[in-house]
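Have a look at the structure below before the remarks.
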Amino acid sequence: MQGSFRNPYKRLICCILLLSIFLSASAGLSFSDGSLPYQPGITLDHLNSLKKIIHTDDASLSCWAIYCERQGDGSYKPAGAPGEGFSCVDDVARAAMVYILDAELTGSGESIENAKEALEFLLYMQTSDGLFYNFIHENGAINKTGETSAPGLNWWYARGYLGLASGLNFFKKRNTPLYRRLIKACNKSFSAIERHVNSSNGGPVPPGNAADVSSLILLALCEHYKIQPSDEIKKTALKLGDVLSKNVSGSYKSPLYGVRPTDLGAPWVWHSYGSHTVEALAKGGKVFKRPGWVSSAENEVLSFYSHLLVNGGPVNGFYPEPRIFPQIAYGCECLISGGIETGGPASSFLPVFYSWFTGNNPAGKPAVSFETGRAYDGIDAGGINLNAGAESTIEWLLASLRLEKSAPGAIRKASVVLPVKSCGFEFVALPDGSGYSGDKIEGGFSLEKPGPFKVYITAVPQDSGPLTFQIDARDAFTISSLNDPSGFHVVPGEINIPPGEHRFAVSGEAVSSISGILFQPVIEYKFWETGSGEDKAVFFVGRNFGDTEGFIDLSGLETSGGKYYSYDFKKSKWSVAKPISSEKLILKPYNIVLGSLEARHSFLLSKGDRFFLKKRIDSKWVNFYSGWIK
């Protein structure tokens, strides 16, 4: 289940060596349960331990416990959700996908059997009109009336349909009777969304304006269509995908940098958990021959995901103010799966997100145990929640198995890297630490990085009169209104503010609506390193949000003719830059750059050709990431 603390690449690397810490440059790595971060293989032991047989009036079903609570002695005890049920379609549908992926990779008979049992659970929970009840109690009774369990075009419908559709290809030749039942069930579930999308009285498209839920439905339509192509499925998918691809918040110039908002009725809201839109558009664009969808997914990866890379990785979301916590496995998996499905140069930096699981996170500790196959329930400002429920474990396993399927051996060969230098946004939350006096807010704040900055006031969009903004009682800037649909209302111009302590004041009738002030560096970047001695490499990502040329200061970093490539958002064009040989890395206006500081670790690019990022392994230079330049 999403929204709670528990819930909240076609081509990829052959070795995940681009990994970085997201928030704390000084956070150390330690492994709380004694396991090493990269054990050979991926075990499903913990997921299997959550399985329980329950008995209904007419069937015995395998289901998987929603929660798993850490006991005082370090053991774990499966548990249900009080008042809701012991198991749910939300989790079991995703468990089915894990077992199918594992069976495809390993041929495991146990995983095949578990996949069958999980699919049987979904079939049992499906209603006659193709929807799903979500929860079932330990005594076998279905929760038919609870708000989080009643049928509808909701999360559990989308996940149930996708879970069933994911079994079609796998069981088509392996188990014909089950396959026939799955096809029949998928057709029923398809009819439910078809009725809504194609009915004049069906309501908004996507249902409820929910881009996150609708992205899962689009993924289900993709899997269904690949096995049973029909004009009806395609027509419905095109209606969903066209809406999803066109609705973006901000642009490459301004927040939220071209992301698809979670709720199309609230373009100022995006959260990482459940953010399947990139994955769905990239896959749907290929299945339904809509290259524009793929391009839109690539643009989001380039513009928004790169911004996340510098500014916290799988943060909780933007509402519109950034919320760092809680961070959960589901948010990280969505970013990884989106990168896997998108592929190409746009995803060259995305392997970094996987390191969240292995210790590159705010807690500085692994959020998983490779030894037991356990993933913990999340991270907040206080550290790691050591409970290990079904969703956390399933989402980590999905990310790991998809990575392994895309690049065999990737997990075993991965290595931890450390950040060496970064410059990202700083956010001043309000009203905490600020005083209200009529139509004026005043307060203090501290900046760690030098400017210049683009400054944004965060507030839910609304009609309002002008506001004035001052720093340290200097010249006042006028903000015309809090009416930007992204929820980020720009203070005109670029503001130079030195590091240190400062004061601010905002005046106007709508000041009580303001949630914070965001200081966005015109030049943002992050560097991280891997290896040591001759094997040491420093990789980076940088971004220029300004109208004029800027630079990244390389002082303190060793350079030896490394190369980088850049993407010009205005021209939609990749190019190869000159070798790095000075203490400044030049960034053209509205360009993003990726590369390394050593000649031997370089991106080799030319239009229409493969590009390679090289790494020395066992005294040999090998290509550990490759992609295609368009």
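Ligands are numbered from 1 in the order shown, residues from 1 within each chain, and chains are lettered A, B, ... in the order they appear in the structure tokens.
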_Applying 12 Å and only C-alpha atoms, which residues near Lys440 in chain A remain after dropping the ones on its own chain fewer than 4 positions away? List them as a ChimeraX atom specification._
/A:431,434-436,467-470,504-514
*Where does DSSP see alpha helix (DSSP H) in range 170-212 of chain A, if you list the residues as a ChimeraX atom specification?*
/A:170-171,176-198,211-212
Just write the chosen residues, C-alpha atoms, as a PDB file, in the first residue's frame.
ATOM      1  CA  PHE A 170       5.529 -16.707 -18.873  1.00  0.00           C
ATOM      2  CA  PHE A 171       2.711 -19.218 -18.518  1.00  0.00           C
ATOM      3  CA  THR A 176      -1.940 -23.713 -20.655  1.00  0.00           C
ATOM      4  CA  PRO A 177      -4.926 -24.046 -18.274  1.00  0.00           C
ATOM      5  CA  LEU A 178      -3.582 -21.248 -16.038  1.00  0.00           C
ATOM      6  CA  TYR A 179      -2.785 -19.133 -19.091  1.00  0.00           C
ATOM      7  CA  ARG A 180      -6.366 -19.454 -20.327  1.00  0.00           C
ATOM      8  CA  ARG A 181      -7.708 -18.333 -16.958  1.00  0.00           C
ATOM      9  CA  LEU A 182      -5.268 -15.412 -16.930  1.00  0.00           C
ATOM     10  CA  ILE A 183      -6.371 -14.285 -20.394  1.00  0.00           C
ATOM     11  CA  LYS A 184     -10.001 -14.436 -19.349  1.00  0.00           C
ATOM     12  CA  ALA A 185      -9.252 -12.457 -16.179  1.00  0.00           C
ATOM     13  CA  CYS A 186      -7.185  -9.874 -18.082  1.00  0.00           C
ATOM     14  CA  ASN A 187     -10.029  -9.387 -20.526  1.00  0.00           C
ATOM     15  CA  LYS A 188     -12.397  -8.693 -17.634  1.00  0.00           C
ATOM     16  CA  SER A 189      -9.982  -6.194 -16.104  1.00  0.00           C
ATOM     17  CA  PHE A 190      -9.461  -4.536 -19.471  1.00  0.00           C
ATOM     18  CA  SER A 191     -13.207  -4.124 -19.879  1.00  0.00           C
ATOM     19  CA  ALA A 192     -13.310  -2.124 -16.648  1.00  0.00           C
ATOM     20  CA  ILE A 193     -10.846   0.509 -17.841  1.00  0.00           C
ATOM     21  CA  GLU A 194     -12.235   0.463 -21.386  1.00  0.00           C
ATOM     22  CA  ARG A 195     -15.702   1.291 -20.101  1.00  0.00           C
ATOM     23  CA  HIS A 196     -14.341   4.226 -18.131  1.00  0.00           C
ATOM     24  CA  VAL A 197     -12.052   5.663 -20.795  1.00  0.00           C
ATOM     25  CA  ASN A 198     -14.475   5.338 -23.706  1.00  0.00           C
ATOM     26  CA  ALA A 211      -1.150   9.754 -13.254  1.00  0.00           C
ATOM     27  CA  ASP A 212       0.556   7.265 -10.938  1.00  0.00           C
TER      28      ASP A 212
END
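The gap separating CA of Leu309 in chain A from CA of Gln327 in chain A is 14.3 Å, in Å to one decimal.
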*Taking the chain letters and numbering used in this document, name the residues of range 427-494 of chain A that DSSP puts in strand (DSSP E), as a PyMOL selection string.*
chain A and resi 427-429+434-437+440-447+453-458+467-471+477-479+488-494
*Please provide the set of residues having any atom within 12 Å of Pro78 in chain A, restricted to only C-alpha atoms, with same-chain residues fewer than 3 positions apart removed, written as a ChimeraX atom specification.*
/A:46-52,63-71,75,81,86-87,138,387-390
Hey, can you spit out that residue selection with N, CA and C atoms as a PDB file, in the first residue's frame?
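Below is the file that was written, again.pdb:
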ATOM      1  N   HIS A  46      13.541 -13.974   2.471  1.00  0.00           N
ATOM      2  CA  HIS A  46      12.646 -13.205   3.337  1.00  0.00           C
ATOM      3  C   HIS A  46      11.245 -13.114   2.746  1.00  0.00           C
ATOM      4  N   LEU A  47      11.151 -12.893   1.452  1.00  0.00           N
ATOM      5  CA  LEU A  47       9.838 -12.843   0.814  1.00  0.00           C
ATOM      6  C   LEU A  47       9.107 -14.167   1.018  1.00  0.00           C
ATOM      7  N   ASN A  48       9.830 -15.274   0.847  1.00  0.00           N
ATOM      8  CA  ASN A  48       9.219 -16.587   1.043  1.00  0.00           C
ATOM      9  C   ASN A  48       8.717 -16.767   2.480  1.00  0.00           C
ATOM     10  N   SER A  49       9.449 -16.168   3.430  1.00  0.00           N
ATOM     11  CA  SER A  49       9.065 -16.324   4.841  1.00  0.00           C
ATOM     12  C   SER A  49       7.765 -15.596   5.165  1.00  0.00           C
ATOM     13  N   LEU A  50       7.355 -14.673   4.304  1.00  0.00           N
ATOM     14  CA  LEU A  50       6.117 -13.938   4.534  1.00  0.00           C
ATOM     15  C   LEU A  50       4.887 -14.697   4.032  1.00  0.00           C
ATOM     16  N   LYS A  51       5.106 -15.833   3.358  1.00  0.00           N
ATOM     17  CA  LYS A  51       3.985 -16.577   2.779  1.00  0.00           C
ATOM     18  C   LYS A  51       3.251 -17.388   3.843  1.00  0.00           C
ATOM     19  N   LYS A  52       1.946 -17.392   3.718  1.00  0.00           N
ATOM     20  CA  LYS A  52       1.104 -18.145   4.649  1.00  0.00           C
ATOM     21  C   LYS A  52      -0.078 -18.726   3.883  1.00  0.00           C
ATOM     22  N   CYS A  63      -0.869 -16.534   0.524  1.00  0.00           N
ATOM     23  CA  CYS A  63      -0.832 -15.080   0.529  1.00  0.00           C
ATOM     24  C   CYS A  63       0.432 -14.641   1.254  1.00  0.00           C
ATOM     25  N   TRP A  64       0.744 -13.358   1.196  1.00  0.00           N
ATOM     26  CA  TRP A  64       1.986 -12.839   1.753  1.00  0.00           C
ATOM     27  C   TRP A  64       1.651 -11.725   2.744  1.00  0.00           C
ATOM     28  N   ALA A  65       2.210 -11.827   3.949  1.00  0.00           N
ATOM     29  CA  ALA A  65       1.911 -10.866   5.012  1.00  0.00           C
ATOM     30  C   ALA A  65       2.313  -9.457   4.604  1.00  0.00           C
ATOM     31  N   ILE A  66       1.507  -8.496   4.975  1.00  0.00           N
ATOM     32  CA  ILE A  66       1.751  -7.105   4.614  1.00  0.00           C
ATOM     33  C   ILE A  66       2.948  -6.547   5.368  1.00  0.00           C
ATOM     34  N   TYR A  67       2.964  -6.767   6.670  1.00  0.00           N
ATOM     35  CA  TYR A  67       4.035  -6.223   7.506  1.00  0.00           C
ATOM     36  C   TYR A  67       4.945  -7.341   8.013  1.00  0.00           C
ATOM     37  N   CYS A  68       6.139  -6.947   8.459  1.00  0.00           N
ATOM     38  CA  CYS A  68       7.038  -7.874   9.138  1.00  0.00           C
ATOM     39  C   CYS A  68       7.824  -7.065  10.157  1.00  0.00           C
ATOM     40  N   GLU A  69       7.529  -7.292  11.407  1.00  0.00           N
ATOM     41  CA  GLU A  69       8.050  -6.448  12.468  1.00  0.00           C
ATOM     42  C   GLU A  69       9.283  -7.058  13.122  1.00  0.00           C
ATOM     43  N   ARG A  70      10.284  -6.224  13.296  1.00  0.00           N
ATOM     44  CA  ARG A  70      11.512  -6.667  13.958  1.00  0.00           C
ATOM     45  C   ARG A  70      11.267  -6.787  15.456  1.00  0.00           C
ATOM     46  N   GLN A  71      11.633  -7.930  16.007  1.00  0.00           N
ATOM     47  CA  GLN A  71      11.441  -8.183  17.414  1.00  0.00           C
ATOM     48  C   GLN A  71      12.671  -7.760  18.218  1.00  0.00           C
ATOM     49  N   SER A  75      14.824 -11.067  15.620  1.00  0.00           N
ATOM     50  CA  SER A  75      14.046 -11.891  14.697  1.00  0.00           C
ATOM     51  C   SER A  75      12.922 -11.058  14.085  1.00  0.00           C
ATOM     52  N   ALA A  81      -2.362  -5.876   8.630  1.00  0.00           N
ATOM     53  CA  ALA A  81      -2.689  -4.478   8.892  1.00  0.00           C
ATOM     54  C   ALA A  81      -3.952  -4.441   9.730  1.00  0.00           C
ATOM     55  N   PHE A  86      -4.812  -9.300   6.519  1.00  0.00           N
ATOM     56  CA  PHE A  86      -3.487  -9.904   6.682  1.00  0.00           C
ATOM     57  C   PHE A  86      -2.658  -9.785   5.411  1.00  0.00           C
ATOM     58  N   SER A  87      -3.312  -9.834   4.261  1.00  0.00           N
ATOM     59  CA  SER A  87      -2.621  -9.789   2.969  1.00  0.00           C
ATOM     60  C   SER A  87      -3.447  -8.962   2.002  1.00  0.00           C
ATOM     61  N   GLU A 138      -6.942 -13.050   7.898  1.00  0.00           N
ATOM     62  CA  GLU A 138      -6.249 -14.312   8.153  1.00  0.00           C
ATOM     63  C   GLU A 138      -7.226 -15.486   8.235  1.00  0.00           C
ATOM     64  N   ASN A 387      11.935  -2.558  10.502  1.00  0.00           N
ATOM     65  CA  ASN A 387      10.888  -3.476  10.074  1.00  0.00           C
ATOM     66  C   ASN A 387      11.080  -3.772   8.595  1.00  0.00           C
ATOM     67  N   ALA A 388      10.560  -4.893   8.125  1.00  0.00           N
ATOM     68  CA  ALA A 388      10.834  -5.321   6.749  1.00  0.00           C
ATOM     69  C   ALA A 388       9.601  -5.970   6.137  1.00  0.00           C
ATOM     70  N   GLY A 389       8.634  -5.135   5.806  1.00  0.00           N
ATOM     71  CA  GLY A 389       7.392  -5.630   5.253  1.00  0.00           C
ATOM     72  C   GLY A 389       7.491  -6.061   3.801  1.00  0.00           C
ATOM     73  N   ALA A 390       6.377  -6.530   3.274  1.00  0.00           N
ATOM     74  CA  ALA A 390       6.346  -7.096   1.919  1.00  0.00           C
ATOM     75  C   ALA A 390       6.706  -6.068   0.863  1.00  0.00           C
TER      76      ALA A 390
END
*Might you pull out every residue within 8 Å of range 583-599 of chain A, with only C-alpha atoms counted and same-chain residues fewer than 4 positions away left off, and present them as a PyMOL selection string?*
chain A and resi 252-253+349+537-555+558-570+579+603
